[in-house]
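The structure appears right after this line, and notes come after that.
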Protein chains: 2
Amino acid sequence: MNLLRRYLPILSWGAEYTGKTFTNDLIVAVIVTVMLIPQSLAYALLAGLPVQVGLFASMAPLLLYAVFGTSRTLAVGPVAVASLMTAAAISPLAAQGSPEYLGAAIALAMVSGLMLVAMGLLRLGFLANFLSHPVVSGFITASGLQIAAGQLGPVLGIRAEGETFVEIVHSLATDLGSINPFTAVIGVAALVFLFWSRSRLKPLLVRSGLSEKAAGTCAKIAPAVALVASILAVWGFGLDQQGVRIVGDVPKGLPRISLPPFDAALWTKLLVPALLISIVGYVESISVALTLAAKRRQRVDPDQELIALGAANVGAAVSGGFPVTGGLARSVVNFEAGAETPAAGAFTAVGIALVTLFLTPLLFFLPKATLAATIVVAVLSLVDFSALKKTWDYSRADFAAMVATILVTLVEGVEAGLVVGVGLSIFLYLYATSRPHIAVVGQIPGTTSFRNVARHAVVTDSEILSLRVDESLYFPNARYIEDRINEAVAKSPSIRHVILECPAVNAIDTSALESLEAINHRLKDGGITLHLSEVKGPVMDRLKRSHFLHELSGKVHLSQYEAVASINPELAQKTRDAERAPGTGGKA
Amino acid sequence: MNLLRRYLPILSWGAEYTGKTFTNDLIVAVIVTVMLIPQSLAYALLAGLPVQVGLFASMAPLLLYAVFGTSRTLAVGPVAVASLMTAAAISPLAAQGSPEYLGAAIALAMVSGLMLVAMGLLRLGFLANFLSHPVVSGFITASGLQIAAGQLGPVLGIRAEGETFVEIVHSLATDLGSINPFTAVIGVAALVFLFWSRSRLKPLLVRSGLSEKAAGTCAKIAPAVALVASILAVWGFGLDQQGVRIVGDVPKGLPRISLPPFDAALWTKLLVPALLISIVGYVESISVALTLAAKRRQRVDPDQELIALGAANVGAAVSGGFPVTGGLARSVVNFEAGAETPAAGAFTAVGIALVTLFLTPLLFFLPKATLAATIVVAVLSLVDFSALKKTWDYSRADFAAMVATILVTLVEGVEAGLVVGVGLSIFLYLYATSRPHIAVVGQIPGTTSFRNVARHAVVTDSEILSLRVDESLYFPNARYIEDRINEAVAKSPSIRHVILECPAVNAIDTSALESLEAINHRLKDGGITLHLSEVKGPVMDRLKRSHFLHELSGKVHLSQYEAVASINPELAQKTRDAERAPGTGGKA
C-alpha cells in the first residue's frame, strides 16, 4: 500500500477530495484552458508540427500527470525550449511537414518518456543536478534568443531558416526585402498589444476597480484576446487573400490512441537528443514544482516527478503529441488562480478536448503571425542578461561556463551548447579543487586556535610546519599537495615536524592516500615526522582500514593545539596563556 | 638569467661539475648502457619497429634530458607501456614494416614532444593529475598483461596477433599447434633465467662474497648476459636454419638528424593518441623522478619536467626514434649505481652511440625470442593484482574505476581503457559529492561543541534545526541540499530556525548560492529563519559580493554555539555549564 501510494500520489489527494475543491479546480481549469490554447498551437508550430499536435500534447499528459505527479500545481504541456529542442533533434532526420517528421516527434516523446520513467525508478534524478544554474540560465537565454529570432519570420511574413541563431539572423537579414505589409501589421500589432498587456494591463484593470487577482487573470488571457481579434481581422478584411498566412483547416476530433511503432534505428538516433530534452525539461519542471510547493509548505518528491513527467511524455506519444514538460508561466497561473489539486490539470485536459472537438473550425482564419508574436513575447521573458552581470560579480568560473553556453548555443546549436556548458562547468570545478587553498597556520596568542600566518599575528615554531588544506584530498590535487609540501620542506631546512590540519578534508581517496604515504616516507627519509590533526570521523574510519596509520611517522591528534603541544608543550602553553592580541577573532 | 636557469637546469649543476663527479657518472653510464641495449631493442620490436629505432631513441633524448631535466637521476628512453601505446596508435594508420609505419612513429614522437613542451610552458602539468592512482595502476596492469601475452608469441615461435589482450590470447590459442621447438627452448630458457636472476641472482652473489651494490648491479645486467648467450647458441648450432627468427642485419651507424616532414592530416590523426601517450608517459616519469629526488632531498620541478620530456621526444623524432619517457627500472639502476648528475645520462647516450657505430653486426644472430623474454619479465613486474585488494579495502569507488580500467583495456584496448577509467573516476567523485554527508548536530553537554545527533548524546531545541554539511556547496549537490532541508522542515512543524554549520564548506558556487537564496525564501515564506555559522574567510568574502547576506532572514555567526545562543541563550548556556557526559570527546 505504501509503495502504491508512493508511485500513485493521486491516492493521497484523491481520498480527501471534496465538492468545494471540485468547484474550485473547475474554475481554475477554465482560466488555464483559455491560456493554454494559443500556447499549444504556437509551440507546435515552433517544433515544426501541425497545430493540432500541440492540442493533442495538452490532453493525455495532463491526465497522466494528475495521476502520477506529486506537485499540486504544476501544469505540464508543450513549452518553448523543449519545442525548439524537438525541432533541432528531428530536423536532421526528416523533412518538416512529412509524416516521418511527425513520427519522429512522437518517437522522441516516447523515448524521452521511457527514459524519464527509468531514471525515476532507478532514482537517477541527481543527473539533472549536473546542469548548473549558470549553464541552464545561459542555455535558456540563448534558446530564447534563437526562438525569438526564428519567430520574427512569421511575424513579418519573411523567411527565418536555419538551425542556429546565427543562421536564422542571416536568413532574416537577406529576406528583409520581401516583408508582407499585411502580415507585418498583424504581427507587430499583436507584439505591441502582448508586450503592453504583459506590463500595463494588470495595473490598468486594478485602477478601474478589478481585484488584484481578477486583473492578473485577465492579463494572462490577453493572448487569447489577441487570437480572437486577429481571427476576426483576417476574416473581416479577407487578409488571407493578401498573403497573410493562416492556420487553415485543423482536423476536428480527438487523437487516436495507439502505441508508436518501435523503430530501433530511429530510436537509437534519438537517444542523445531525448536525454538532453529529458534533463532540460526535468530541470525546468522540478524547479517550478519546488518553488510553488514551498510557498504552501507542500512536498514534492524529485524521483516521483521523473516518473510523472515520463508518464506524461509517454501519454503525449501514444496520443499523437510531442515532448512536454512542466511550464513556468502556466503553472504560476494555475497556482495563482487557486488550483488545489492536480485535478485542475485533468479538468484543463477536458477543456482542451472540448476545444479540439468543437472549436477547431474557428481557428481557420487564425494568422500564424499572431501565434508567432505570442511566442516572441513568451520567450523574451526567458532571456535574462542581468544574470550575466550577477554571475560575473560572484564567480568568474561560473561566468565563463555561462558565456560559453550562450555562445556555443547561438553559434553551434542547442545540443552543442548544453554539452559544452556541462563539460566546462565540471572541468572548472575540478580545476579549482586541483589547486586547493593551503594555508600555513600558527597559534593565535591567548587561544588554542590556529589561523593563517598570512592573515593573522600568530606564533610559529621554526621546527614545526603546520598546514591546513581547504579541500578534500583526492586524485586531481594529490600530487599538488605533495609538491607543495616538498617545496615548503626544501625551503626550510630547520623543519623537523609537518602537521596537516584536516577540518575541511571531507574525504581522502586512494590516490591521496598513496600521496600521503609517499609524503610520509619522503619526510621520514629526510628525518621529518608527519602528523595529522582534526581528522573527521568518516575519514578516520576509512584511514583505519589502510596501512597508513601504522606507517605514519607521527600521530593523529584530535586538535591542532594538541598536535603542537605534543611536540613543543612549552611554546604551545606559553602562547595559550599569553595576552590575546586585539582583533584576531576572525576565521580565515 | 633566472629565466635561463629555470628553463636550462644544466646551468645549475654544470657550474658545480668536478672531475670526481665525472669519473663517477662515467662508471654509472657503462652499467646503464649495458642494461639499456636489450631493452631498447626489445621495446622497438614491441612497438612494431626495426630494432635500431630503439637504439636511436636512446641517444638524443638522453642528451636533451640532460640539458632540460630537473631530476638528477631520471633515465629516459623507450619504455614498455609507451611502446605498446605507440603500436596501438599507429597500427590503424599504416602496415607494420612499411616506411609509413616508421614515419608515423616518428611523427607521434614529434607531436607528443611538442605537446609536452607546450603543456610545460603553459603550466598544464595538472592535467596529468586527472589520472588517479587506481586508474594508472589498473591501466599498467592491463597493459602489462597485454604486452606479456603478445610477447609469448615470439617466445614460443607462434603467432600472437591482435590489438587487445582478448584478441591476442585468442590468436595464441589457435596457433599453439605450430610451436617451433628450437625457438621455444631458447625463449623459455631465457624466461626462466631472467625470472631466476631477478629474484635469486643477487642473494647468490652476495653469499659468494660480492658487495650488496655490486651484486645488485650484476643482477641488473643479466638480460645482457642472456642476449650474449643466446646469440652464441644460435650462431654455434645454426639455429637460424631451424626456424628460429633472428634480428638479422642491423644497419650500422648513427641516425641522420632531420626534421620529420609536417603532414597535417597525419598529425591531426595522432593528436589524441599523442595526448594520451604524453600524459601516461609524464605520469610515469614524474612519479619516478619525485620518488628518487625525495630520497636525496632534491627538488624536481613538475612543469620543467614536461618541457624536458617534450624536448626528449622532439629529440627522438629528429633522430629517427619513437616516443620515450622516464622509465622506472633504468632510473633506479642509474640512482643505485650512484649517478650524481644528468651527465650520467649523456654519457649513456654516448655508450649507445658507440654500440650503434661498432657492435650492431654482433646482433645479427640475436634471436627475437630472447628479446621477447626480456619484455615478458620486465612487464610482469608491472602487473600488480595486490593493488586490487588494497583498493577494495579502502574505497569501493576507486576499486570500481580500477576494475573498469583493467577490463576495458583488456577488451577494448589501451585508449578506450584510459578514457573510461578517467571518465568513471571523475564521475564517481562527482556522484559522491552530489550526495554529501549532512549531519543534524546538537550541543554536547558541558561544552560549546556541536556533534552529530546520531553519534553522540547531545542537547537539541525542538525549534532549532542545526545541520552540518560536509562538502563544498556547488551545482551537483545544490538541489540535494535544498531537498534535504525541505524534507527535514516538512517533517518537523515545530521548527522556527535552521542553522547551517559550514566549517567544511570550502566554496559556494553560483548554483549553490541560488539554492541558498531559494531555501532562505521558502523558509521565510513558512515563517522560519535561516542562519549560517562558521563560514570560512574566503567563502564569506565572496558571499559579501552577492545580495544573499542582505536577504538572509537570520544572521551569519562566528560559531555554532553563538548561533544557538543568539536564539535560545538559556538552553545553550545551561547545556554548556552542565556536567560533561563521559566519552563524548570524539569528532564526527
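All residue names refer to the C-alpha cells as shown: chains lettered A, B, ... in order, residues numbered from 1 in each chain, ligands numbered from 1 in order.
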Using only C-alpha atoms, I'd like every residue of chain B that has an atom within 7 Å of chain A; please write them out as a short mmCIF file (atom, residue, chain, number, x, y, z; two decimals) with N, CA and C atoms, in the first residue's frame.
```cif
data_model
loop_
_atom_site.label_atom_id
_atom_site.label_comp_id
_atom_site.auth_asym_id
_atom_site.auth_seq_id
_atom_site.Cartn_x
_atom_site.Cartn_y
_atom_site.Cartn_z
N ASN B 129 47.19 15.04 -13.34
CA ASN B 129 46.61 14.62 -12.07
C ASN B 129 45.25 13.97 -12.24
N PHE B 130 44.62 14.17 -13.41
CA PHE B 130 43.30 13.57 -13.59
C PHE B 130 43.39 12.07 -13.82
N SER B 132 43.96 9.16 -11.90
CA SER B 132 44.09 8.79 -10.49
C SER B 132 45.01 7.57 -10.36
N HIS B 133 45.54 7.36 -9.17
CA HIS B 133 46.44 6.22 -8.96
C HIS B 133 45.77 4.90 -9.32
N PRO B 134 44.51 4.65 -8.89
CA PRO B 134 43.90 3.36 -9.24
C PRO B 134 43.76 3.18 -10.76
N ALA B 294 63.28 12.73 -3.75
CA ALA B 294 62.99 12.87 -2.33
C ALA B 294 64.00 12.10 -1.49
N LYS B 295 64.50 10.97 -2.03
CA LYS B 295 65.44 10.17 -1.24
C LYS B 295 66.71 10.96 -0.94
N ARG B 297 66.60 14.37 -0.94
CA ARG B 297 66.09 15.72 -0.63
C ARG B 297 66.44 16.70 -1.73
N THR B 391 42.86 -1.62 -2.82
CA THR B 391 41.91 -0.58 -3.19
C THR B 391 40.50 -0.95 -2.76
N ASP B 393 39.64 -2.70 -0.21
CA ASP B 393 39.52 -2.48 1.23
C ASP B 393 39.32 -1.01 1.56
N TYR B 394 39.98 -0.15 0.79
CA TYR B 394 39.97 1.26 1.17
C TYR B 394 38.81 2.03 0.57
N SER B 395 38.52 1.81 -0.72
CA SER B 395 37.48 2.63 -1.37
C SER B 395 36.82 1.86 -2.49
N ASP B 398 37.00 3.80 -5.90
CA ASP B 398 38.29 3.68 -6.59
C ASP B 398 38.47 2.28 -7.16
N ASP B 470 29.00 18.39 5.07
CA ASP B 470 30.43 18.06 4.96
C ASP B 470 30.87 18.06 3.50
N GLU B 471 30.71 19.19 2.83
CA GLU B 471 31.12 19.28 1.43
C GLU B 471 30.99 20.74 0.99
N PHE B 475 27.11 23.01 -7.78
CA PHE B 475 25.92 22.61 -8.52
C PHE B 475 25.48 21.16 -8.39
N PRO B 476 26.40 20.16 -8.38
CA PRO B 476 25.85 18.80 -8.29
C PRO B 476 25.12 18.51 -6.98
N ASN B 477 25.41 19.26 -5.92
CA ASN B 477 24.70 18.95 -4.68
C ASN B 477 23.76 20.06 -4.21
N ARG B 479 20.83 21.14 -5.29
CA ARG B 479 19.42 20.78 -5.18
C ARG B 479 19.22 19.71 -4.12
N PRO B 503 31.88 24.60 8.59
CA PRO B 503 33.34 24.55 8.67
C PRO B 503 33.98 23.77 7.52
N ALA B 504 33.21 22.87 6.88
CA ALA B 504 33.78 22.04 5.82
C ALA B 504 33.35 22.52 4.44
N ASN B 506 34.15 24.58 1.59
CA ASN B 506 35.32 25.28 1.07
C ASN B 506 34.98 26.25 -0.05
N ASP B 509 29.29 27.91 -4.98
CA ASP B 509 29.24 28.44 -6.34
C ASP B 509 27.90 29.13 -6.61
N THR B 510 27.73 29.62 -7.84
CA THR B 510 26.53 30.38 -8.15
C THR B 510 25.27 29.54 -7.98
N SER B 511 25.31 28.27 -8.39
CA SER B 511 24.14 27.40 -8.26
C SER B 511 23.77 27.23 -6.79
N ARG B 522 12.01 30.25 0.80
CA ARG B 522 10.98 29.27 1.14
C ARG B 522 10.79 29.18 2.65
N ASP B 525 8.96 32.18 3.77
CA ASP B 525 7.53 32.04 3.48
C ASP B 525 6.84 31.16 4.52
N GLY B 526 7.57 30.21 5.05
CA GLY B 526 7.00 29.32 6.06
C GLY B 526 7.24 29.82 7.48
N LYS B 536 33.86 30.11 6.31
CA LYS B 536 35.29 30.42 6.14
C LYS B 536 35.53 31.78 5.51
N GLY B 537 36.68 32.35 5.79
CA GLY B 537 37.03 33.67 5.28
C GLY B 537 36.82 33.84 3.79
N PRO B 538 37.45 33.01 2.95
CA PRO B 538 37.33 33.19 1.50
C PRO B 538 35.88 33.03 1.02
N ARG B 542 33.37 36.13 -0.65
CA ARG B 542 32.60 36.03 -1.89
C ARG B 542 31.12 36.29 -1.63
N ARG B 545 29.96 39.72 -1.85
CA ARG B 545 29.79 40.33 -3.17
C ARG B 545 28.41 40.02 -3.76
N SER B 546 27.57 39.23 -3.08
CA SER B 546 26.24 38.90 -3.58
C SER B 546 25.18 39.62 -2.74
N LYS B 587 35.44 13.35 17.59
CA LYS B 587 34.95 14.17 16.48
C LYS B 587 34.13 13.30 15.55
N ALA B 588 33.07 13.82 14.95
CA ALA B 588 32.28 13.01 14.00
C ALA B 588 31.79 13.85 12.84
#
```
Can you pull out the residues contacting Gly138 in chain A? Cut-off 9 Å, using only C-alpha atoms, and skip same-chain residues under 2 positions away; I want them as a list in words.
His133, Pro134, Val135, Val136, Ile140, Thr141, Ala142, Ser143, Val383, Asp384, Phe385, Ala387, Leu388, Ala401, Met402, Val403, Ala404, Thr405, Ile406, Leu407, Thr409 and Gly421 of chain A
Emit the selected residues as a compact mmCIF listing (two decimals), in the first residue's frame, including all heavy atoms.
```
# COMPACT_ATOMS: atom_id res chain seq x y z
N HIS A 133 23.17 26.08 -12.44
CA HIS A 133 22.27 27.21 -12.71
C HIS A 133 22.81 28.12 -13.81
O HIS A 133 22.06 28.51 -14.69
CB HIS A 133 22.02 28.01 -11.43
CG HIS A 133 21.15 27.29 -10.44
ND1 HIS A 133 20.20 27.92 -9.68
CD2 HIS A 133 21.06 25.99 -10.11
CE1 HIS A 133 19.60 27.05 -8.89
NE2 HIS A 133 20.10 25.86 -9.13
N PRO A 134 24.10 28.50 -13.77
CA PRO A 134 24.58 29.40 -14.84
C PRO A 134 24.45 28.76 -16.23
O PRO A 134 24.13 29.44 -17.20
CB PRO A 134 26.05 29.63 -14.48
CG PRO A 134 26.12 29.38 -13.02
CD PRO A 134 25.13 28.31 -12.74
N VAL A 135 24.67 27.45 -16.32
CA VAL A 135 24.55 26.79 -17.62
C VAL A 135 23.09 26.79 -18.07
O VAL A 135 22.78 27.11 -19.22
CB VAL A 135 25.12 25.35 -17.57
CG1 VAL A 135 24.75 24.56 -18.82
CG2 VAL A 135 26.63 25.40 -17.42
N VAL A 136 22.18 26.45 -17.15
CA VAL A 136 20.75 26.45 -17.50
C VAL A 136 20.32 27.85 -17.90
O VAL A 136 19.66 28.05 -18.93
CB VAL A 136 19.89 25.95 -16.32
CG1 VAL A 136 18.42 26.18 -16.60
CG2 VAL A 136 20.17 24.48 -16.05
N ILE A 140 18.99 28.83 -21.55
CA ILE A 140 17.63 29.31 -21.78
C ILE A 140 17.65 30.69 -22.43
O ILE A 140 16.85 30.98 -23.34
CB ILE A 140 16.83 29.28 -20.46
CG1 ILE A 140 16.55 27.81 -20.12
CG2 ILE A 140 15.54 30.08 -20.55
CD1 ILE A 140 15.65 27.57 -18.96
N THR A 141 18.59 31.53 -22.02
CA THR A 141 18.72 32.84 -22.66
C THR A 141 19.02 32.67 -24.15
O THR A 141 18.37 33.28 -25.01
CB THR A 141 19.84 33.65 -21.98
OG1 THR A 141 19.37 34.05 -20.69
CG2 THR A 141 20.21 34.89 -22.78
N ALA A 142 20.00 31.81 -24.46
CA ALA A 142 20.37 31.62 -25.87
C ALA A 142 19.23 30.98 -26.65
O ALA A 142 18.94 31.38 -27.79
CB ALA A 142 21.63 30.75 -25.96
N SER A 143 18.54 30.00 -26.04
CA SER A 143 17.41 29.37 -26.72
C SER A 143 16.32 30.39 -26.96
O SER A 143 15.70 30.42 -28.04
CB SER A 143 16.84 28.24 -25.87
OG SER A 143 17.80 27.27 -25.63
N VAL A 383 14.78 35.46 -21.61
CA VAL A 383 16.12 36.00 -21.87
C VAL A 383 16.52 36.89 -20.70
O VAL A 383 15.84 37.84 -20.38
CB VAL A 383 16.14 36.78 -23.20
CG1 VAL A 383 17.48 37.47 -23.40
CG2 VAL A 383 15.83 35.85 -24.35
N ASP A 384 17.62 36.54 -20.05
CA ASP A 384 17.99 37.23 -18.82
C ASP A 384 19.48 37.59 -18.86
O ASP A 384 20.33 36.82 -18.43
CB ASP A 384 17.68 36.31 -17.63
CG ASP A 384 18.07 36.95 -16.31
OD1 ASP A 384 18.35 38.17 -16.31
OD2 ASP A 384 18.10 36.24 -15.30
N PHE A 385 19.77 38.78 -19.38
CA PHE A 385 21.17 39.20 -19.43
C PHE A 385 21.68 39.70 -18.08
O PHE A 385 22.87 39.76 -17.85
CB PHE A 385 21.37 40.26 -20.51
CG PHE A 385 21.37 39.68 -21.90
CD1 PHE A 385 20.39 40.01 -22.82
CD2 PHE A 385 22.36 38.79 -22.27
CE1 PHE A 385 20.39 39.45 -24.08
CE2 PHE A 385 22.37 38.22 -23.54
CZ PHE A 385 21.38 38.56 -24.44
N ALA A 387 21.54 38.18 -15.43
CA ALA A 387 22.22 37.07 -14.76
C ALA A 387 23.71 37.06 -15.08
O ALA A 387 24.53 36.62 -14.26
CB ALA A 387 21.59 35.74 -15.16
N LEU A 388 24.07 37.57 -16.28
CA LEU A 388 25.48 37.62 -16.65
C LEU A 388 26.27 38.49 -15.68
O LEU A 388 27.32 38.11 -15.17
CB LEU A 388 25.63 38.18 -18.07
CG LEU A 388 25.45 37.20 -19.22
CD1 LEU A 388 25.43 37.94 -20.54
CD2 LEU A 388 26.59 36.18 -19.22
N ALA A 401 31.49 29.57 -17.74
CA ALA A 401 30.63 28.46 -18.18
C ALA A 401 29.36 29.01 -18.83
O ALA A 401 28.88 28.50 -19.84
CB ALA A 401 30.28 27.57 -16.99
N MET A 402 28.83 30.09 -18.25
CA MET A 402 27.58 30.67 -18.76
C MET A 402 27.80 31.28 -20.14
O MET A 402 27.01 31.05 -21.07
CB MET A 402 27.15 31.76 -17.77
CG MET A 402 25.76 32.29 -18.00
SD MET A 402 25.34 33.31 -16.56
CE MET A 402 23.69 33.78 -17.03
N VAL A 403 28.86 32.06 -20.29
CA VAL A 403 29.13 32.70 -21.57
C VAL A 403 29.42 31.65 -22.64
O VAL A 403 28.92 31.74 -23.77
CB VAL A 403 30.33 33.68 -21.44
CG1 VAL A 403 30.80 34.13 -22.81
CG2 VAL A 403 29.92 34.87 -20.60
N ALA A 404 30.17 30.61 -22.27
CA ALA A 404 30.46 29.55 -23.24
C ALA A 404 29.16 28.88 -23.69
O ALA A 404 28.96 28.62 -24.88
CB ALA A 404 31.40 28.51 -22.62
N THR A 405 28.26 28.63 -22.73
CA THR A 405 26.98 28.00 -23.08
C THR A 405 26.20 28.89 -24.04
O THR A 405 25.66 28.41 -25.05
CB THR A 405 26.15 27.77 -21.80
OG1 THR A 405 26.94 27.06 -20.86
CG2 THR A 405 24.89 26.96 -22.12
N ILE A 406 26.13 30.17 -23.74
CA ILE A 406 25.38 31.09 -24.61
C ILE A 406 25.99 31.12 -26.01
O ILE A 406 25.28 30.92 -27.01
CB ILE A 406 25.36 32.53 -24.00
CG1 ILE A 406 24.55 32.53 -22.71
CG2 ILE A 406 24.78 33.53 -25.01
CD1 ILE A 406 24.52 33.88 -22.01
N LEU A 407 27.30 31.34 -26.08
CA LEU A 407 27.93 31.50 -27.40
C LEU A 407 27.83 30.21 -28.21
O LEU A 407 27.48 30.25 -29.40
CB LEU A 407 29.39 31.91 -27.23
CG LEU A 407 29.60 33.31 -26.66
CD1 LEU A 407 31.08 33.63 -26.57
CD2 LEU A 407 28.88 34.35 -27.53
N THR A 409 25.68 27.79 -27.93
CA THR A 409 24.29 27.56 -28.32
C THR A 409 23.91 28.45 -29.51
O THR A 409 23.30 27.98 -30.47
CB THR A 409 23.35 27.83 -27.13
OG1 THR A 409 23.75 27.02 -26.03
CG2 THR A 409 21.91 27.51 -27.49
N GLY A 421 28.57 23.45 -22.11
CA GLY A 421 28.31 24.10 -20.82
C GLY A 421 28.54 23.15 -19.66
O GLY A 421 29.23 23.47 -18.69
```
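For the set A:Ala369, A:Leu93, A:Ala75, A:Val420, the residue with the smallest atom-to-atom gap to Ser230 in chain A is A:Ala369, counting only C-alpha atoms.
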Wanna dump the range 108-136 of chain A-range 316-321 of chain A contacts at 10 Å for me, each residue with its shortest atom pair and the distance in Å to one decimal, counting only C-alpha atoms, ordered by chain and number, as a tab-separated table?
```
residue	atom	partner	partner_atom	distance
A:Leu108	CA	A:Ala317	CA	8.0
A:Ala109	CA	A:Ala317	CA	5.3
A:Met110	CA	A:Ala317	CA	5.2
A:Val111	CA	A:Ala317	CA	8.9
A:Ser112	CA	A:Ala317	CA	9.6
A:Gly113	CA	A:Ala317	CA	8.3
```
Can you write out the residues you just picked, keeping N, CA, C and O atoms, as a PDB file, in the first residue's frame?
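So the final result, stored in part.pdb, reads:
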```pdb
ATOM      1  N   LEU A 108      10.224  10.677 -30.325  1.00  0.00           N
ATOM      2  CA  LEU A 108      11.063  11.423 -29.384  1.00  0.00           C
ATOM      3  C   LEU A 108      10.369  11.538 -28.026  1.00  0.00           C
ATOM      4  O   LEU A 108      10.993  11.354 -26.975  1.00  0.00           O
ATOM      5  N   ALA A 109       9.056  11.825 -28.060  1.00  0.00           N
ATOM      6  CA  ALA A 109       8.295  11.899 -26.807  1.00  0.00           C
ATOM      7  C   ALA A 109       8.307  10.544 -26.110  1.00  0.00           C
ATOM      8  O   ALA A 109       8.464  10.461 -24.885  1.00  0.00           O
ATOM      9  N   MET A 110       8.186   9.468 -26.882  1.00  0.00           N
ATOM     10  CA  MET A 110       8.156   8.119 -26.324  1.00  0.00           C
ATOM     11  C   MET A 110       9.502   7.782 -25.664  1.00  0.00           C
ATOM     12  O   MET A 110       9.546   7.359 -24.506  1.00  0.00           O
ATOM     13  N   VAL A 111      10.595   7.998 -26.419  1.00  0.00           N
ATOM     14  CA  VAL A 111      11.923   7.657 -25.883  1.00  0.00           C
ATOM     15  C   VAL A 111      12.209   8.494 -24.642  1.00  0.00           C
ATOM     16  O   VAL A 111      12.674   7.988 -23.608  1.00  0.00           O
ATOM     17  N   SER A 112      11.915   9.780 -24.745  1.00  0.00           N
ATOM     18  CA  SER A 112      12.155  10.670 -23.617  1.00  0.00           C
ATOM     19  C   SER A 112      11.308  10.246 -22.419  1.00  0.00           C
ATOM     20  O   SER A 112      11.782  10.226 -21.278  1.00  0.00           O
ATOM     21  N   GLY A 113      10.043   9.863 -22.668  1.00  0.00           N
ATOM     22  CA  GLY A 113       9.167   9.431 -21.583  1.00  0.00           C
ATOM     23  C   GLY A 113       9.678   8.169 -20.905  1.00  0.00           C
ATOM     24  O   GLY A 113       9.761   8.104 -19.670  1.00  0.00           O
TER      25      GLY A 113
END
```
Find the spatial neighbours of Pro223 in chain B, counting only C-alpha atoms, within a cut-off of 9 Å - ignore same-chain residues fewer than 4 positions away - and output them as an NGL selection string.
:B and (34-35 or 38-39 or 190 or 193-194 or 197 or 219 or 227-228 or 370-371 or 374)
Would you mind exporting all heavy atoms of the selected residues as a compact mmCIF listing (two decimals), in the first residue's frame?
```
# COMPACT_ATOMS: atom_id res chain seq x y z
N VAL B 34 74.83 -1.04 -20.69
CA VAL B 34 74.71 -2.50 -20.84
C VAL B 34 73.27 -2.93 -20.58
O VAL B 34 72.72 -3.80 -21.27
CB VAL B 34 75.69 -3.22 -19.88
CG1 VAL B 34 75.46 -4.73 -19.92
CG2 VAL B 34 77.11 -2.88 -20.25
N MET B 35 72.61 -2.30 -19.60
CA MET B 35 71.23 -2.65 -19.28
C MET B 35 70.27 -2.17 -20.36
O MET B 35 69.28 -2.82 -20.68
CB MET B 35 70.87 -2.01 -17.95
CG MET B 35 69.46 -2.34 -17.52
SD MET B 35 68.85 -1.07 -16.40
CE MET B 35 67.16 -1.61 -16.25
N PRO B 38 69.52 -4.33 -24.43
CA PRO B 38 68.42 -5.27 -24.71
C PRO B 38 67.06 -4.59 -24.64
O PRO B 38 66.19 -4.85 -25.47
CB PRO B 38 68.57 -6.34 -23.62
CG PRO B 38 69.59 -5.84 -22.66
CD PRO B 38 70.37 -4.77 -23.32
N GLN B 39 66.86 -3.69 -23.66
CA GLN B 39 65.57 -3.01 -23.54
C GLN B 39 65.25 -2.20 -24.78
O GLN B 39 64.13 -2.24 -25.30
CB GLN B 39 65.57 -2.08 -22.32
CG GLN B 39 65.43 -2.82 -21.01
CD GLN B 39 64.90 -1.92 -19.91
OE1 GLN B 39 64.56 -0.77 -20.15
NE2 GLN B 39 64.81 -2.46 -18.71
N ALA B 190 65.37 -18.50 -21.68
CA ALA B 190 65.63 -17.09 -21.36
C ALA B 190 64.67 -16.61 -20.27
O ALA B 190 65.08 -15.94 -19.32
CB ALA B 190 65.50 -16.23 -22.62
N PHE B 193 65.74 -18.13 -16.94
CA PHE B 193 66.97 -17.50 -16.45
C PHE B 193 66.68 -16.08 -15.94
O PHE B 193 67.16 -15.69 -14.88
CB PHE B 193 68.02 -17.45 -17.57
CG PHE B 193 69.21 -16.61 -17.24
CD1 PHE B 193 70.13 -17.03 -16.28
CD2 PHE B 193 69.40 -15.37 -17.85
CE1 PHE B 193 71.22 -16.24 -15.95
CE2 PHE B 193 70.49 -14.57 -17.51
CZ PHE B 193 71.40 -15.00 -16.56
N LEU B 194 65.89 -15.33 -16.69
CA LEU B 194 65.63 -13.94 -16.30
C LEU B 194 64.81 -13.86 -15.02
O LEU B 194 65.08 -13.04 -14.14
CB LEU B 194 64.94 -13.19 -17.44
CG LEU B 194 65.82 -12.96 -18.68
CD1 LEU B 194 64.99 -12.43 -19.85
CD2 LEU B 194 66.94 -11.97 -18.35
N SER B 197 67.18 -14.83 -12.26
CA SER B 197 68.19 -13.83 -11.94
C SER B 197 67.56 -12.62 -11.23
O SER B 197 68.19 -11.97 -10.41
CB SER B 197 68.92 -13.37 -13.20
OG SER B 197 68.02 -12.70 -14.05
N ALA B 219 73.04 -8.33 -11.15
CA ALA B 219 71.72 -8.91 -11.40
C ALA B 219 70.99 -8.12 -12.48
O ALA B 219 70.26 -8.68 -13.30
CB ALA B 219 70.91 -8.95 -10.11
N LEU B 227 71.29 -12.23 -23.63
CA LEU B 227 71.46 -11.84 -25.03
C LEU B 227 72.69 -12.50 -25.62
O LEU B 227 72.63 -13.17 -26.67
CB LEU B 227 71.63 -10.32 -25.11
CG LEU B 227 70.62 -9.54 -25.93
CD1 LEU B 227 69.25 -9.72 -25.30
CD2 LEU B 227 70.98 -8.08 -25.98
N VAL B 228 73.81 -12.32 -24.93
CA VAL B 228 75.07 -12.86 -25.45
C VAL B 228 75.00 -14.38 -25.56
O VAL B 228 75.35 -14.97 -26.59
CB VAL B 228 76.24 -12.43 -24.52
CG1 VAL B 228 77.53 -13.15 -24.93
CG2 VAL B 228 76.40 -10.91 -24.57
N THR B 370 64.59 -14.20 -27.33
CA THR B 370 65.26 -13.69 -26.13
C THR B 370 64.79 -12.27 -25.81
O THR B 370 64.54 -11.93 -24.65
CB THR B 370 66.78 -13.72 -26.33
OG1 THR B 370 67.16 -15.01 -26.77
CG2 THR B 370 67.50 -13.37 -25.05
N LEU B 371 64.71 -11.47 -26.86
CA LEU B 371 64.22 -10.10 -26.64
C LEU B 371 62.81 -10.13 -26.06
O LEU B 371 62.47 -9.39 -25.13
CB LEU B 371 64.24 -9.30 -27.95
CG LEU B 371 65.63 -8.91 -28.44
CD1 LEU B 371 65.52 -8.15 -29.77
CD2 LEU B 371 66.33 -8.04 -27.41
N THR B 374 62.84 -10.93 -22.48
CA THR B 374 63.24 -9.75 -21.71
C THR B 374 62.02 -8.89 -21.39
O THR B 374 61.84 -8.40 -20.27
CB THR B 374 64.22 -8.89 -22.53
OG1 THR B 374 65.15 -9.73 -23.17
CG2 THR B 374 64.90 -7.87 -21.68
```
